[in-house]
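So this one's run-v3.txt, compact mmCIF, C-alpha atoms and all ligand atoms:
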# COMPACT_ATOMS: atom_id res chain seq x y z
CA MET A 1 0.00 0.00 0.00
CA LYS A 2 1.26 3.50 -0.88
CA ILE A 3 0.93 6.02 1.90
CA GLY A 4 1.40 9.80 1.95
CA PHE A 5 2.40 11.23 5.33
CA ILE A 6 2.16 14.96 6.12
CA GLY A 7 3.69 16.30 9.35
CA LEU A 8 6.85 14.47 10.40
CA GLY A 9 7.20 16.01 13.88
CA ASN A 10 7.71 14.42 17.30
CA MET A 11 4.81 12.05 16.64
CA GLY A 12 4.53 11.88 12.84
CA LEU A 13 8.14 10.89 12.21
CA PRO A 14 8.17 7.73 14.38
CA MET A 15 4.67 6.81 13.12
CA ALA A 16 5.82 7.11 9.50
CA ILE A 17 8.96 5.10 10.31
CA ASN A 18 6.79 2.27 11.69
CA LEU A 19 4.84 2.21 8.41
CA LEU A 20 8.15 1.97 6.53
CA LYS A 21 9.28 -0.87 8.80
CA ALA A 22 6.01 -2.68 8.05
CA GLY A 23 6.92 -2.61 4.36
CA HIS A 24 4.73 0.23 3.09
CA GLU A 25 5.99 2.73 0.56
CA VAL A 26 5.71 6.04 2.42
CA THR A 27 6.10 9.47 0.85
CA GLY A 28 6.38 12.24 3.41
CA PHE A 29 6.48 15.99 3.74
CA ASP A 30 7.19 18.47 6.53
CA LEU A 31 8.04 22.16 6.66
CA VAL A 32 11.18 21.51 8.73
CA GLN A 33 14.25 20.33 6.81
CA GLY A 34 15.72 18.37 9.73
CA GLN A 35 12.55 16.27 10.03
CA ILE A 36 12.56 15.54 6.29
CA GLU A 37 16.19 14.45 6.49
CA ALA A 38 15.50 12.09 9.40
CA PHE A 39 12.59 10.59 7.44
CA ALA A 40 14.70 10.13 4.30
CA LYS A 41 17.47 8.49 6.39
CA ALA A 42 14.90 5.95 7.61
CA GLY A 43 14.04 5.02 4.00
CA GLY A 44 11.13 7.38 3.29
CA LYS A 45 10.52 9.08 -0.04
CA VAL A 46 10.43 12.85 0.22
CA ALA A 47 7.71 14.84 -1.55
CA LYS A 48 8.18 18.43 -2.72
CA SER A 49 4.91 19.59 -1.15
CA ALA A 50 2.06 18.37 1.03
CA ASN A 51 -0.16 17.86 -2.02
CA ALA A 52 2.57 15.84 -3.76
CA THR A 53 2.46 13.17 -1.01
CA ALA A 54 -0.97 12.21 -2.39
CA ASP A 55 0.30 11.47 -5.92
CA GLY A 56 -0.53 7.79 -6.48
CA ALA A 57 -1.20 7.25 -2.76
CA ASP A 58 -3.92 4.87 -1.53
CA VAL A 59 -4.00 6.61 1.84
CA VAL A 60 -2.87 10.03 3.13
CA ILE A 61 -2.20 10.53 6.83
CA SER A 62 -1.78 13.95 8.42
CA MET A 63 -0.22 14.63 11.83
CA LEU A 64 -0.21 18.40 12.28
CA PRO A 65 -0.19 20.66 15.35
CA ALA A 66 -3.67 22.24 15.47
CA SER A 67 -7.05 22.91 13.79
CA ARG A 68 -5.81 25.78 11.64
CA HIS A 69 -3.03 23.63 10.13
CA VAL A 70 -5.55 20.90 9.25
CA GLU A 71 -7.96 23.41 7.68
CA GLY A 72 -5.04 24.93 5.76
CA LEU A 73 -3.92 21.53 4.48
CA TYR A 74 -7.26 20.14 3.31
CA LEU A 75 -9.46 23.14 2.42
CA GLY A 76 -9.18 25.97 -0.07
CA ALA A 77 -8.14 26.19 -3.70
CA ASN A 78 -4.66 24.87 -2.94
CA GLY A 79 -5.81 22.21 -0.48
CA LEU A 80 -5.61 18.45 -0.67
CA LEU A 81 -9.36 18.09 -1.25
CA THR A 82 -9.01 20.07 -4.47
CA ASN A 83 -5.83 18.41 -5.65
CA ALA A 84 -5.92 14.74 -4.60
CA ASN A 85 -7.73 11.84 -6.23
CA PRO A 86 -11.02 11.24 -4.33
CA LYS A 87 -10.18 7.52 -4.18
CA THR A 88 -7.45 8.37 -1.64
CA LEU A 89 -8.49 7.52 1.91
CA LEU A 90 -7.82 10.41 4.29
CA ILE A 91 -6.81 9.93 7.92
CA ASP A 92 -6.20 12.97 10.14
CA CYS A 93 -4.35 11.96 13.32
CA SER A 94 -3.80 15.52 14.62
CA THR A 95 -5.57 16.56 17.81
CA ILE A 96 -8.02 19.26 16.73
CA SER A 97 -11.47 20.64 17.53
CA PRO A 98 -14.26 18.07 17.01
CA LYS A 99 -16.21 20.81 15.20
CA VAL A 100 -13.37 21.44 12.73
CA ALA A 101 -12.84 17.69 12.23
CA GLN A 102 -16.53 17.32 11.34
CA ALA A 103 -16.43 20.32 8.99
CA VAL A 104 -13.33 19.07 7.12
CA ALA A 105 -14.75 15.51 6.86
CA ALA A 106 -18.07 16.91 5.56
CA GLU A 107 -16.22 18.91 2.90
CA ALA A 108 -14.22 15.78 2.04
CA LYS A 109 -17.43 13.76 1.69
CA ALA A 110 -18.94 16.43 -0.54
CA LYS A 111 -15.91 16.08 -2.83
CA GLY A 112 -16.17 12.25 -2.88
CA PHE A 113 -13.45 11.39 -0.32
CA ALA A 114 -13.72 9.04 2.65
CA MET A 115 -12.13 10.65 5.70
CA VAL A 116 -11.75 9.77 9.38
CA ASP A 117 -10.45 11.63 12.42
CA ALA A 118 -8.01 9.36 14.26
CA PRO A 119 -6.20 11.22 17.08
CA VAL A 120 -3.83 9.22 19.22
CA SER A 121 -2.73 8.76 22.80
CA GLY A 122 0.50 7.24 24.07
CA GLY A 123 3.05 10.00 23.57
CA THR A 124 6.27 9.92 21.61
CA ALA A 125 7.32 6.67 23.33
CA GLY A 126 4.10 5.02 22.11
CA ALA A 127 4.66 6.43 18.63
CA GLN A 128 8.17 4.94 18.55
CA ALA A 129 7.12 1.57 19.96
CA GLY A 130 4.06 1.34 17.68
CA THR A 131 1.77 1.02 20.71
CA LEU A 132 -0.42 4.10 20.29
CA THR A 133 -4.12 4.14 21.10
CA PHE A 134 -6.19 5.40 18.15
CA MET A 135 -9.62 6.99 18.73
CA VAL A 136 -11.35 6.93 15.39
CA GLY A 137 -14.40 8.85 14.21
CA GLY A 138 -16.04 8.01 10.90
CA GLU A 139 -18.06 5.46 8.98
CA ASN A 140 -17.63 1.85 10.05
CA SER A 141 -16.67 0.56 6.57
CA VAL A 142 -13.87 3.15 6.29
CA VAL A 143 -12.61 2.45 9.82
CA GLU A 144 -12.41 -1.30 9.08
CA CYS A 145 -10.60 -0.58 5.81
CA ILE A 146 -7.86 1.48 7.48
CA ARG A 147 -7.60 -0.66 10.65
CA PRO A 148 -4.64 -2.74 9.28
CA ILE A 149 -2.69 0.48 8.65
CA LEU A 150 -3.41 1.90 12.10
CA GLU A 151 -2.33 -1.45 13.60
CA LYS A 152 1.17 -0.84 12.23
CA MET A 153 1.38 2.25 14.44
CA GLY A 154 -0.80 1.34 17.40
CA LYS A 155 -1.93 -1.40 19.73
CA ASN A 156 -5.48 -0.27 20.55
CA ILE A 157 -7.73 0.89 17.73
CA PHE A 158 -11.10 2.15 18.99
CA HIS A 159 -14.00 3.16 16.77
CA ALA A 160 -15.48 5.94 18.90
CA GLY A 161 -18.46 6.79 16.66
CA GLY A 162 -19.27 9.04 13.72
CA SER A 163 -17.19 11.87 12.30
CA GLY A 164 -15.56 13.97 15.07
CA ALA A 165 -16.13 11.32 17.78
CA GLY A 166 -12.42 10.45 17.88
CA GLN A 167 -11.62 14.09 18.61
CA THR A 168 -14.32 14.28 21.28
CA VAL A 169 -12.77 11.34 23.17
CA LYS A 170 -9.29 12.81 22.74
CA VAL A 171 -10.39 16.23 24.08
CA CYS A 172 -11.95 14.60 27.18
CA ASN A 173 -8.88 12.39 27.70
CA ASN A 174 -6.39 15.23 27.43
CA MET A 175 -8.35 17.54 29.71
CA LEU A 176 -8.17 14.78 32.33
CA LEU A 177 -4.45 14.21 31.64
CA GLY A 178 -3.71 17.94 32.00
CA ILE A 179 -5.56 18.07 35.33
CA GLN A 180 -3.85 14.86 36.53
CA MET A 181 -0.37 16.19 35.73
CA LEU A 182 -1.02 19.34 37.77
CA GLY A 183 -2.49 17.34 40.66
CA THR A 184 0.37 14.85 40.62
CA SER A 185 2.92 17.68 40.62
CA GLU A 186 1.19 19.39 43.55
CA ALA A 187 1.12 16.19 45.60
CA LEU A 188 4.81 15.45 44.89
CA ARG A 189 5.85 18.98 45.77
CA LEU A 190 3.92 18.84 49.03
CA GLY A 191 5.65 15.58 49.93
CA ILE A 192 9.06 17.02 49.02
CA ALA A 193 8.33 20.13 51.15
CA ASN A 194 7.81 17.65 54.01
CA GLY A 195 11.27 16.21 53.38
CA MET A 196 10.04 13.06 51.55
CA ASP A 197 12.13 11.32 48.90
CA PRO A 198 10.00 11.82 45.73
CA LYS A 199 10.80 8.27 44.56
CA VAL A 200 9.58 6.69 47.80
CA LEU A 201 6.51 8.95 47.72
CA SER A 202 5.81 8.02 44.07
CA ASP A 203 6.27 4.29 44.71
CA ILE A 204 3.79 4.35 47.61
CA MET A 205 1.19 6.54 45.87
CA SER A 206 1.47 4.33 42.77
CA LYS A 207 0.20 1.44 44.89
CA SER A 208 -2.45 3.61 46.59
CA SER A 209 -5.62 5.38 45.56
CA GLY A 210 -3.78 8.41 44.13
CA ARG A 211 -2.28 6.26 41.36
CA ASN A 212 -2.56 7.64 37.84
CA TRP A 213 -0.74 7.65 34.48
CA ALA A 214 1.26 10.85 35.16
CA LEU A 215 2.54 9.47 38.45
CA GLU A 216 3.25 5.91 37.32
CA LEU A 217 4.49 6.27 33.75
CA TYR A 218 5.44 9.92 33.19
CA ASN A 219 6.56 11.13 36.59
CA PRO A 220 7.09 14.92 36.49
CA CYS A 221 9.76 15.03 39.21
CA PRO A 222 13.33 14.85 37.79
CA GLY A 223 15.24 11.70 38.77
CA VAL A 224 12.26 9.57 39.84
CA MET A 225 12.10 7.72 36.51
CA GLU A 226 14.54 7.11 33.70
CA ASN A 227 13.65 7.86 30.09
CA VAL A 228 10.87 10.36 30.75
CA PRO A 229 11.10 14.07 29.83
CA SER A 230 11.46 15.19 33.49
CA SER A 231 14.79 13.34 33.64
CA LYS A 232 15.96 14.93 30.36
CA ASP A 233 15.46 18.60 31.28
CA TYR A 234 11.85 18.28 30.02
CA ALA A 235 13.03 17.96 26.40
CA GLY A 236 10.94 16.16 23.73
CA GLY A 237 7.64 14.56 24.69
CA PHE A 238 4.41 16.55 24.60
CA GLY A 239 4.92 20.31 24.65
CA VAL A 240 3.30 22.73 27.13
CA ASP A 241 1.87 24.68 24.18
CA LEU A 242 0.28 21.52 22.74
CA MET A 243 -1.30 20.75 26.13
CA LEU A 244 -2.44 24.37 26.35
CA LYS A 245 -4.03 23.96 22.91
CA ASP A 246 -5.82 20.78 24.03
CA MET A 247 -7.09 22.39 27.25
CA GLY A 248 -8.38 25.25 25.07
CA LEU A 249 -10.17 22.73 22.81
CA ALA A 250 -11.87 21.24 25.87
CA ILE A 251 -12.99 24.64 27.17
CA GLU A 252 -14.23 25.74 23.74
CA ASN A 253 -16.12 22.44 23.36
CA ALA A 254 -17.65 22.79 26.84
CA GLN A 255 -18.72 26.38 26.14
CA ASP A 256 -20.39 25.32 22.88
CA LEU A 257 -22.43 22.75 24.80
CA GLY A 258 -22.99 24.65 28.05
CA ALA A 259 -21.09 21.93 29.95
CA SER A 260 -19.35 22.78 33.24
CA VAL A 261 -15.56 22.19 33.42
CA PRO A 262 -14.22 24.36 36.31
CA LEU A 263 -11.11 22.21 36.92
CA GLY A 264 -10.39 22.18 33.19
CA GLU A 265 -10.60 25.99 33.07
CA LEU A 266 -8.35 26.47 36.11
CA SER A 267 -5.83 24.00 34.66
CA ARG A 268 -5.88 25.79 31.30
CA GLN A 269 -5.02 29.05 33.08
CA LEU A 270 -2.09 27.38 34.88
CA TYR A 271 -0.67 25.93 31.62
CA GLU A 272 -1.10 29.36 30.04
CA SER A 273 0.87 31.14 32.74
CA HIS A 274 3.57 28.43 32.55
CA SER A 275 3.78 28.93 28.78
CA LYS A 276 3.90 32.72 29.12
CA ALA A 277 6.84 32.34 31.51
CA GLY A 278 8.80 30.97 28.54
CA ASN A 279 8.20 27.22 28.92
CA GLY A 280 5.94 26.60 25.92
CA GLN A 281 8.38 24.28 24.14
CA LEU A 282 9.19 22.17 27.20
CA ASP A 283 7.35 18.93 27.92
CA PHE A 284 4.06 19.52 29.75
CA SER A 285 5.31 17.66 32.84
CA SER A 286 7.48 20.75 33.44
CA VAL A 287 4.41 22.23 35.20
CA PHE A 288 6.06 20.49 38.14
CA ASN A 289 8.16 23.70 38.23
CA LEU A 290 5.20 26.05 37.82
CA LYS A 291 5.90 29.33 39.60
CA ASP A 292 3.05 30.84 41.63
P1 LIG B 301 5.16 18.68 16.31
O1 LIG B 301 5.03 20.14 16.40
O2 LIG B 301 6.39 18.00 16.80
O3 LIG B 301 4.95 18.18 14.79
C1 LIG B 301 4.07 18.78 13.88
C2 LIG B 301 4.80 18.84 12.55
O4 LIG B 301 3.89 19.33 11.56
C3 LIG B 301 5.99 19.80 12.57
O5 LIG B 301 7.17 19.09 12.21
C4 LIG B 301 5.61 20.88 11.53
O6 LIG B 301 6.73 21.36 10.81
C5 LIG B 301 4.67 20.10 10.66
N1 LIG B 301 3.76 20.93 9.85
C6 LIG B 301 3.00 21.98 10.25
N2 LIG B 301 2.28 22.43 9.20
C7 LIG B 301 2.60 21.66 8.13
C8 LIG B 301 2.20 21.62 6.77
N3 LIG B 301 1.31 22.48 6.28
N4 LIG B 301 2.74 20.69 5.97
C9 LIG B 301 3.65 19.81 6.45
N5 LIG B 301 4.07 19.78 7.72
C10 LIG B 301 3.55 20.70 8.55
O7 LIG B 301 3.87 18.09 17.04
P2 LIG B 301 3.66 16.59 17.55
O8 LIG B 301 4.12 16.48 18.95
O9 LIG B 301 4.14 15.65 16.51
O10 LIG B 301 2.05 16.56 17.60
C11 LIG B 301 1.28 16.45 16.40
C12 LIG B 301 -0.18 16.31 16.81
O11 LIG B 301 -0.32 15.14 17.63
C13 LIG B 301 -0.71 17.49 17.64
O12 LIG B 301 -2.03 17.76 17.28
C14 LIG B 301 -0.61 16.97 19.08
O13 LIG B 301 -1.57 17.60 19.91
C15 LIG B 301 -0.90 15.50 18.88
N6 LIG B 301 -0.32 14.60 19.90
C16 LIG B 301 0.95 14.77 20.35
C17 LIG B 301 1.45 13.90 21.32
C18 LIG B 301 2.85 14.04 21.84
O14 LIG B 301 3.16 13.38 22.87
N7 LIG B 301 3.71 14.85 21.23
C19 LIG B 301 0.67 12.84 21.79
C20 LIG B 301 -0.61 12.67 21.28
C21 LIG B 301 -1.11 13.56 20.31
Can you present the structure in this file as structure tokens?
Ligand code: NAD
Amino acid sequence: MKIGFIGLGNMGLPMAINLLKAGHEVTGFDLVQGQIEAFAKAGGKVAKSANATADGADVVISMLPASRHVEGLYLGANGLLTNANPKTLLIDCSTISPKVAQAVAAEAKAKGFAMVDAPVSGGTAGAQAGTLTFMVGGENSVVECIRPILEKMGKNIFHAGGSGAGQTVKVCNNMLLGIQMLGTSEALRLGIANGMDPKVLSDIMSKSSGRNWALELYNPCPGVMENVPSSKDYAGGFGVDLMLKDMGLAIENAQDLGASVPLGELSRQLYESHSKAGNGQLDFSSVFNLKD
């Protein structure tokens, strides 16, 4: 199967590499030269533009930062929906607004394309290991058709519902993750202020009712765990600005529906102030060092 891959960043690059390892012909594009070079080194074919990745492709996958990038890629006179062959299956794995995902998929359908939203969870480690969780929104027949491709990049492939449902699940999940990371950081800092060893504290809480993903697998306190961003000066991983974007998606979604998310809103404000203090590019677990 020939696959076009657009957006070879922290997540897209290892995902595309897993497709190459599975024997697919993958043609990729990114705006950053270093990412293109890393992709080419891994055996990928480099396209001259985003639209060119779709030439002769059975499937095009996009993994871009935010809603506006996805709208820019697919819509408009220069967009993929105008330039690609409608037989190409379209999979957007970016985390974006459910509303935008539905609008882009509706435009795709109107132009004869099948498109799904398929955001992921599992971080850069999951992307590298091919163990991501995919949350897919779209028609059942399309989801079943692309399942073998997603299985090359992930372990759990969930069909969440119709168009936009994958993004809805992702928005809920990431709001909870953002809140959990702040809560975990607060608890660790309180223990440390009491003179506790953060590793001992983490080990005990991980076997107690405060256990959660941030504490057990992505501990925000430097030195507690190897191979997580907190032990690498918060480099790589999932950026503060991306988490801030996802918290914003949750708040926007809640406002649209009149749903109440007070903890989500407070957490969004805390990520915003951490970003404004110059930490936007660090991993989101750096909120451990959030200044009051
Ligand atoms: P990233 O910023 O590392 O990568 C995005 C890439 O898209 C960049 O390399 C950028 O140059 C490229 N890009 C932007 N516009 C483009 C265009 N028009 N054409 C081609 N390339 C373009 O971000 P990431 O960490 O890979 O995240 C990608 C998406 O996945 C985001 O929506 C994020 O919220 C989501 N996500 C990230 C993680 C994580 O742990 N990093 C986990 C789950 C989901």
(message) What residues of the protein or nucleic acid chains come within 7 Å of ligand LIG 301 (chain B) when you use all atoms listed in the file? Reply as an MDAnalysis selection string.
(response) chainID A and resid 6:12 29:32 35 50 63:66 69 72:73 93:96 119:124 237:239 242:243 246
(request) Quote the spacing between atom CA of Met181 of chain A and atom CA of Tyr218 of chain A in Å to one decimal place. (result)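 These two atoms are separated by 8.9 Å.
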(message) Please determine, counting all atoms listed in the file, which residue among A:Ile179, A:Lys245, A:Asn173, A:Leu201 has the shortest atom-to-atom distance to Arg68 of chain A.
(response)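 Smallest separation from Arg68 of chain A among the options: A:Lys245.
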(request) Write out as a PyMOL selection string each polymer residue whose atoms come within 12 Å of Pro148 of chain A, counting only C-alpha atoms; drop sequence neighbours fewer than 4 positions from it. (result) chain A and resi 1+19+22+24+59+142-144+152-157
Residues within 12 Å of Ala84 of chain A, please, as a PDB file with C-alpha atoms, keeping the file's coordinate frame. Count all atoms listed in the file; anything in the same chain fewer than 3 positions from it doesn't count.
ATOM      1  CA  GLY A   4       1.400   9.800   1.950  1.00  0.00           C
ATOM      2  CA  ALA A  50       2.060  18.370   1.030  1.00  0.00           C
ATOM      3  CA  ASN A  51      -0.160  17.860  -2.020  1.00  0.00           C
ATOM      4  CA  ALA A  52       2.570  15.840  -3.760  1.00  0.00           C
ATOM      5  CA  THR A  53       2.460  13.170  -1.010  1.00  0.00           C
ATOM      6  CA  ALA A  54      -0.970  12.210  -2.390  1.00  0.00           C
ATOM      7  CA  ASP A  55       0.300  11.470  -5.920  1.00  0.00           C
ATOM      8  CA  GLY A  56      -0.530   7.790  -6.480  1.00  0.00           C
ATOM      9  CA  ALA A  57      -1.200   7.250  -2.760  1.00  0.00           C
ATOM     10  CA  ASP A  58      -3.920   4.870  -1.530  1.00  0.00           C
ATOM     11  CA  VAL A  59      -4.000   6.610   1.840  1.00  0.00           C
ATOM     12  CA  VAL A  60      -2.870  10.030   3.130  1.00  0.00           C
ATOM     13  CA  LEU A  73      -3.920  21.530   4.480  1.00  0.00           C
ATOM     14  CA  TYR A  74      -7.260  20.140   3.310  1.00  0.00           C
ATOM     15  CA  LEU A  75      -9.460  23.140   2.420  1.00  0.00           C
ATOM     16  CA  ALA A  77      -8.140  26.190  -3.700  1.00  0.00           C
ATOM     17  CA  ASN A  78      -4.660  24.870  -2.940  1.00  0.00           C
ATOM     18  CA  GLY A  79      -5.810  22.210  -0.480  1.00  0.00           C
ATOM     19  CA  LEU A  80      -5.610  18.450  -0.670  1.00  0.00           C
ATOM     20  CA  LEU A  81      -9.360  18.090  -1.250  1.00  0.00           C
ATOM     21  CA  LYS A  87     -10.180   7.520  -4.180  1.00  0.00           C
ATOM     22  CA  THR A  88      -7.450   8.370  -1.640  1.00  0.00           C
ATOM     23  CA  LEU A  89      -8.490   7.520   1.910  1.00  0.00           C
ATOM     24  CA  LEU A  90      -7.820  10.410   4.290  1.00  0.00           C
ATOM     25  CA  ALA A 108     -14.220  15.780   2.040  1.00  0.00           C
ATOM     26  CA  LYS A 111     -15.910  16.080  -2.830  1.00  0.00           C
ATOM     27  CA  GLY A 112     -16.170  12.250  -2.880  1.00  0.00           C
ATOM     28  CA  PHE A 113     -13.450  11.390  -0.320  1.00  0.00           C
TER      29      PHE A 113
END
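Using all atoms listed in the file, the protein and nucleic acid residues lying no more than 9 Å from Leu188 of chain A, apart from those fewer than 3 places from it along its own chain, are A:Gly183, A:Thr184, A:Ser185, A:Gly191, A:Ile192, A:Ala193, A:Met196, A:Pro198, A:Leu201, A:Ser202, A:Pro220, A:Cys221, A:Phe288.
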(message) Rounded to one decimal, what separation in Å do you get between atom CA of Val26 of chain A and atom CA of Ile3 of chain A?
(response) 4.8 Å
(request) Considering all atoms listed in the file, state which residue in the set A:Leu282, A:Ala114, A:Leu13, A:Val169 is at the smallest distance from Asp233 of chain A. (result)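 Among the listed residues, the smallest separation from Asp233 of chain A belongs to A:Leu282.
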(message) Just to confirm, what's the straight-line distance from atom CA of Val200 of chain A to atom CA of Gly236 of chain A in Å (one decimal)?
(response)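 Going from atom CA of Val200 of chain A over to atom CA of Gly236 of chain A covers 25.9 Å.
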Tell me which residues come within 12 Å of (12.9, 9.6, 38.1), as a CSV table (one decimal) with C-alpha atoms, keeping the file's coordinate frame, counting only C-alpha atoms in the file's coordinates.
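Full text of part.csv as output:
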chain,number,residue,atom,x,y,z
A,197,ASP,CA,12.1,11.3,48.9
A,198,PRO,CA,10.0,11.8,45.7
A,199,LYS,CA,10.8,8.3,44.6
A,200,VAL,CA,9.6,6.7,47.8
A,201,LEU,CA,6.5,9.0,47.7
A,202,SER,CA,5.8,8.0,44.1
A,203,ASP,CA,6.3,4.3,44.7
A,215,LEU,CA,2.5,9.5,38.4
A,216,GLU,CA,3.2,5.9,37.3
A,217,LEU,CA,4.5,6.3,33.8
A,218,TYR,CA,5.4,9.9,33.2
A,219,ASN,CA,6.6,11.1,36.6
A,220,PRO,CA,7.1,14.9,36.5
A,221,CYS,CA,9.8,15.0,39.2
A,222,PRO,CA,13.3,14.8,37.8
A,223,GLY,CA,15.2,11.7,38.8
A,224,VAL,CA,12.3,9.6,39.8
A,225,MET,CA,12.1,7.7,36.5
A,226,GLU,CA,14.5,7.1,33.7
A,227,ASN,CA,13.6,7.9,30.1
A,228,VAL,CA,10.9,10.4,30.8
A,229,PRO,CA,11.1,14.1,29.8
A,230,SER,CA,11.5,15.2,33.5
A,231,SER,CA,14.8,13.3,33.6
A,232,LYS,CA,16.0,14.9,30.4
A,233,ASP,CA,15.5,18.6,31.3
A,234,TYR,CA,11.8,18.3,30.0
(request) Give as an MDAnalysis selection string the set of residues within 12 Å of the point (-18.2, 19.8, 31.5), where distances use the file's coordinates and only C-alpha atoms. (result) chainID A and resid 171:172 175:176 250:265
Given the selection you just returned, output its residues as a file containing C-alpha atoms, formatted as a compact mmCIF listing (two decimals), keeping the file's coordinate frame.
# COMPACT_ATOMS: atom_id res chain seq x y z
CA VAL A 171 -10.39 16.23 24.08
CA CYS A 172 -11.95 14.60 27.18
CA MET A 175 -8.35 17.54 29.71
CA LEU A 176 -8.17 14.78 32.33
CA ALA A 250 -11.87 21.24 25.87
CA ILE A 251 -12.99 24.64 27.17
CA GLU A 252 -14.23 25.74 23.74
CA ASN A 253 -16.12 22.44 23.36
CA ALA A 254 -17.65 22.79 26.84
CA GLN A 255 -18.72 26.38 26.14
CA ASP A 256 -20.39 25.32 22.88
CA LEU A 257 -22.43 22.75 24.80
CA GLY A 258 -22.99 24.65 28.05
CA ALA A 259 -21.09 21.93 29.95
CA SER A 260 -19.35 22.78 33.24
CA VAL A 261 -15.56 22.19 33.42
CA PRO A 262 -14.22 24.36 36.31
CA LEU A 263 -11.11 22.21 36.92
CA GLY A 264 -10.39 22.18 33.19
CA GLU A 265 -10.60 25.99 33.07
Could you write out as AutoDock Vina command-line options the box around segment 118-132 of chain A (axis-aligned, all atoms listed in the file, 3 Å on each side), with centre and edge lengths in Å to one decimal?
--center_x 0.1 --center_y 6.1 --center_z 19.2 --size_x 22.2 --size_y 16.2 --size_z 15.8
(message) I need the residue nearest Val240 of chain A from this list: A:Leu266, A:Phe284, A:Ser273, A:Asn18. Use only C-alpha atoms for the distance.
(response)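 Using only C-alpha atoms, Val240 of chain A sits closest to A:Phe284.
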(request) Could you tell me which of A:Gly178, A:Gly130, A:Val287, A:Ala42 comes closest to Asn212 of chain A if we count all atoms listed in the file? (result)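 Checking each of A:Gly178, A:Gly130, A:Val287, A:Ala42 against Asn212 of chain A, counting all atoms listed in the file, the winner is A:Gly178.
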(message) Using only C-alpha atoms for the distances, tell me which of A:Thr27, A:Thr168, A:Thr133, A:Gln102 is nearest to Leu249 of chain A.
(response)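 Using only C-alpha atoms, the shortest distance to Leu249 of chain A belongs to A:Thr168.
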